[in-house]
Amino acid sequence: MLKLQKVKKSYGRKMVLDQLDLEVENGTIFGITGGAGAGKTMLCRMIAGLIPADEGKIMAAGEDMAHDPENIRKKVGYVPKEFGRYRDMDPEEYLDYYGRLYGLSGEHTGEKIEKLLEMVGLAAQKQVQVEKLKLCEKKRLALARCLLEDIDVLVLDDFLVDLDPRERKEIDPLLFQIRDMGKAVLISSPSFSALTGEEESLGILQEGKIVVQGSLEEISEQVNRSNPLELVIAEKSTKAIEVLKEEDTVTRISIDGHKILAGFQGTQEDQVRILRCLMEQGVPVISFQRRKSDLESVFWKMTE
């Protein structure tokens, strides 16, 4: 489990993270996004133990990183934006190298490396130079490297950026498999569109705090509450305008042919009541709905 409590971090005079609270349960994926300079990469590096917090607690596997940073870092797997350069290594040598850095050795380690290469789909490329691997394959190798140790938390900084749809189909099942192994997975992204779509929870980081958090459905609902009603009627109807003008929940009205957009600040029950009133007044309604926001609309509305 990953837990941050009242974490603060400044860079020069700029407050990057301000009283940040965050919790990612084991067996879940948390996607975090935000604009340029929001602090996503600094957050990832802090969780990985590479940068200390100015204030607050960062806890992994139930332990405070400040109390035993060396031991707790072993519980956190971290994949940065840049993979690094390993010209003279193949995937097998790469994992063996990191295994030795982690203090692993012996026949058991060799068996573990073989299983991990099989798990991430690189067994056939285990003797291909790392530099010759495709981006997606390098990312899968990085995941295998994290799993050499018995981690509790996996932190992926901009991990899904630059992957095409076919590569995403190779990566996503692997992330779900790692999640189902009981790991707490945090993925940062510059936009919603680069996330998996299968996160249990999402958060938007802005001005050092997570300003919105919840499932995709919950966040979309928060944004959609400010979206207008969209009506399409069979013929121009002054009666429809009269009905809408009588509504306290309607803030503004615009007309484009047979389409009417009405600013709306009510509930679903208010929507039902308005539709019923329109029908009772004989307005020929073809469609009546709250305009929906896609993922990127959600992001821009929350960060504007």
# chains A, B, ... in the order shown; residues from 1 in each chain; ligands from 1
>>> residues_around(residues="Arg85 of chain A", least_positions_apart="3", cutoff="12 Å", atoms="only C-alpha atoms", output="list in words")
Glu82, Asp88, Met89, Asp90, Tyr94, Gln129, Val130, Glu131, Lys132, Leu133 and Lys138 of chain A
>>> closest_residue(among="A:Ile255, A:Ile233, A:Ile29, A:Leu160", to="Met279 of chain A", atoms="only C-alpha atoms")
A:Ile233
>>> select_by_dssp(residues="segment 29-126 of chain A", states="strand (DSSP E or B)", output="list of chain:residue names")
A:Ile29, A:Phe30, A:Gly31, A:Ile32, A:Thr33, A:Glu55, A:Gly56, A:Lys57, A:Ile58, A:Met59, A:Ala60, A:Glu63, A:Asp64, A:Val76, A:Gly77, A:Tyr78, A:Val79
>>> closest_residue(among="A:Glu167, A:Leu2, A:Cys136, A:Gln177", to="Asp64 of chain A", atoms="only C-alpha atoms")
A:Leu2
>>> closest_residue(among="A:Leu195, A:Leu20, A:Ile253, A:Leu229", to="Gly266 of chain A", atoms="only C-alpha atoms")
A:Leu229
>>> residues_around(residues="Lys259 of chain A", least_positions_apart="5", cutoff="10 Å", atoms="only C-alpha atoms", output="number ranges by chain")
A: 230-236, 254, 286-288
>>> select_by_dssp(residues="segment 107-282 of chain A", states="helix (DSSP H, G or I)", output="PyMOL selection string")
chain A and resi 107-119+123-125+130-132+135-146+165-180+192-194+216-224+238-245+268-280
>>> residues_around(residues="Leu117 of chain A", least_positions_apart="2", cutoff="9 Å", atoms="only C-alpha atoms", output="JSON, numbers by chain")
{"A": [91, 92, 112, 113, 114, 115, 119, 120, 121, 122, 123, 124, 125, 126, 140, 141, 144]}
>>> write_last_selection(atoms="N, CA and C atoms", output="short mmCIF file (atom, residue, chain, number, x, y, z; two decimals), in the first residue's frame")
data_model
loop_
_atom_site.label_atom_id
_atom_site.label_comp_id
_atom_site.auth_asym_id
_atom_site.auth_seq_id
_atom_site.Cartn_x
_atom_site.Cartn_y
_atom_site.Cartn_z
N PRO A 91 18.72 -8.45 -22.59
CA PRO A 91 17.78 -8.46 -21.46
C PRO A 91 18.18 -9.37 -20.31
N GLU A 92 18.75 -10.51 -20.63
CA GLU A 92 19.17 -11.45 -19.58
C GLU A 92 20.29 -10.84 -18.75
N LYS A 112 14.55 -17.00 -11.59
CA LYS A 112 13.61 -15.88 -11.50
C LYS A 112 13.69 -15.01 -12.74
N ILE A 113 14.90 -14.77 -13.23
CA ILE A 113 15.08 -13.98 -14.45
C ILE A 113 14.39 -14.64 -15.63
N GLU A 114 14.55 -15.95 -15.75
CA GLU A 114 13.89 -16.69 -16.84
C GLU A 114 12.38 -16.55 -16.76
N LYS A 115 11.82 -16.66 -15.57
CA LYS A 115 10.37 -16.55 -15.40
C LYS A 115 9.88 -15.14 -15.71
N MET A 119 7.29 -13.88 -18.48
CA MET A 119 6.11 -13.13 -18.06
C MET A 119 5.92 -11.87 -18.90
N VAL A 120 7.00 -11.16 -19.19
CA VAL A 120 6.89 -9.90 -19.94
C VAL A 120 7.02 -10.10 -21.45
N GLY A 121 7.07 -11.36 -21.89
CA GLY A 121 7.08 -11.65 -23.32
C GLY A 121 8.39 -11.37 -24.01
N LEU A 122 9.52 -11.52 -23.29
CA LEU A 122 10.83 -11.24 -23.90
C LEU A 122 11.75 -12.45 -23.89
N ALA A 123 11.21 -13.62 -23.64
CA ALA A 123 12.05 -14.81 -23.60
C ALA A 123 12.75 -15.05 -24.93
N ALA A 124 12.06 -14.77 -26.02
CA ALA A 124 12.64 -14.98 -27.36
C ALA A 124 13.70 -13.93 -27.70
N GLN A 125 13.67 -12.80 -26.98
CA GLN A 125 14.63 -11.72 -27.27
C GLN A 125 15.67 -11.58 -26.16
N LYS A 126 15.84 -12.60 -25.35
CA LYS A 126 16.69 -12.45 -24.16
C LYS A 126 18.16 -12.23 -24.51
N ARG A 140 8.60 -3.16 -21.07
CA ARG A 140 8.30 -4.45 -20.45
C ARG A 140 9.51 -4.98 -19.69
N LEU A 141 10.71 -4.73 -20.23
CA LEU A 141 11.93 -5.14 -19.54
C LEU A 141 12.08 -4.37 -18.23
N ALA A 144 10.00 -5.97 -15.65
CA ALA A 144 10.65 -7.18 -15.15
C ALA A 144 11.72 -6.83 -14.13
#
>>> decode(residues="segment 91-112 of chain A", atoms="C-alpha atoms", output="PDB file, in the first residue's frame")
ATOM      1  CA  PRO A  91      17.782  -8.458 -21.465  1.00  0.00           C
ATOM      2  CA  GLU A  92      19.166 -11.446 -19.584  1.00  0.00           C
ATOM      3  CA  GLU A  93      22.376  -9.579 -18.721  1.00  0.00           C
ATOM      4  CA  TYR A  94      20.400  -6.443 -17.866  1.00  0.00           C
ATOM      5  CA  LEU A  95      18.301  -8.289 -15.284  1.00  0.00           C
ATOM      6  CA  ASP A  96      21.334 -10.148 -13.932  1.00  0.00           C
ATOM      7  CA  TYR A  97      23.156  -6.813 -13.541  1.00  0.00           C
ATOM      8  CA  TYR A  98      20.297  -5.286 -11.564  1.00  0.00           C
ATOM      9  CA  GLY A  99      19.832  -8.472  -9.594  1.00  0.00           C
ATOM     10  CA  ARG A 100      23.420  -8.196  -8.380  1.00  0.00           C
ATOM     11  CA  LEU A 101      22.886  -4.511  -7.527  1.00  0.00           C
ATOM     12  CA  TYR A 102      19.896  -5.599  -5.445  1.00  0.00           C
ATOM     13  CA  GLY A 103      22.049  -8.194  -3.680  1.00  0.00           C
ATOM     14  CA  LEU A 104      20.543 -11.182  -5.480  1.00  0.00           C
ATOM     15  CA  SER A 105      22.687 -14.051  -6.733  1.00  0.00           C
ATOM     16  CA  GLY A 106      22.751 -17.777  -7.241  1.00  0.00           C
ATOM     17  CA  GLU A 107      20.747 -20.325  -9.190  1.00  0.00           C
ATOM     18  CA  HIS A 108      17.444 -19.068  -7.781  1.00  0.00           C
ATOM     19  CA  THR A 109      18.061 -15.638  -9.311  1.00  0.00           C
ATOM     20  CA  GLY A 110      18.718 -17.175 -12.735  1.00  0.00           C
ATOM     21  CA  GLU A 111      15.423 -19.057 -12.529  1.00  0.00           C
ATOM     22  CA  LYS A 112      13.612 -15.883 -11.501  1.00  0.00           C
TER      23      LYS A 112
END
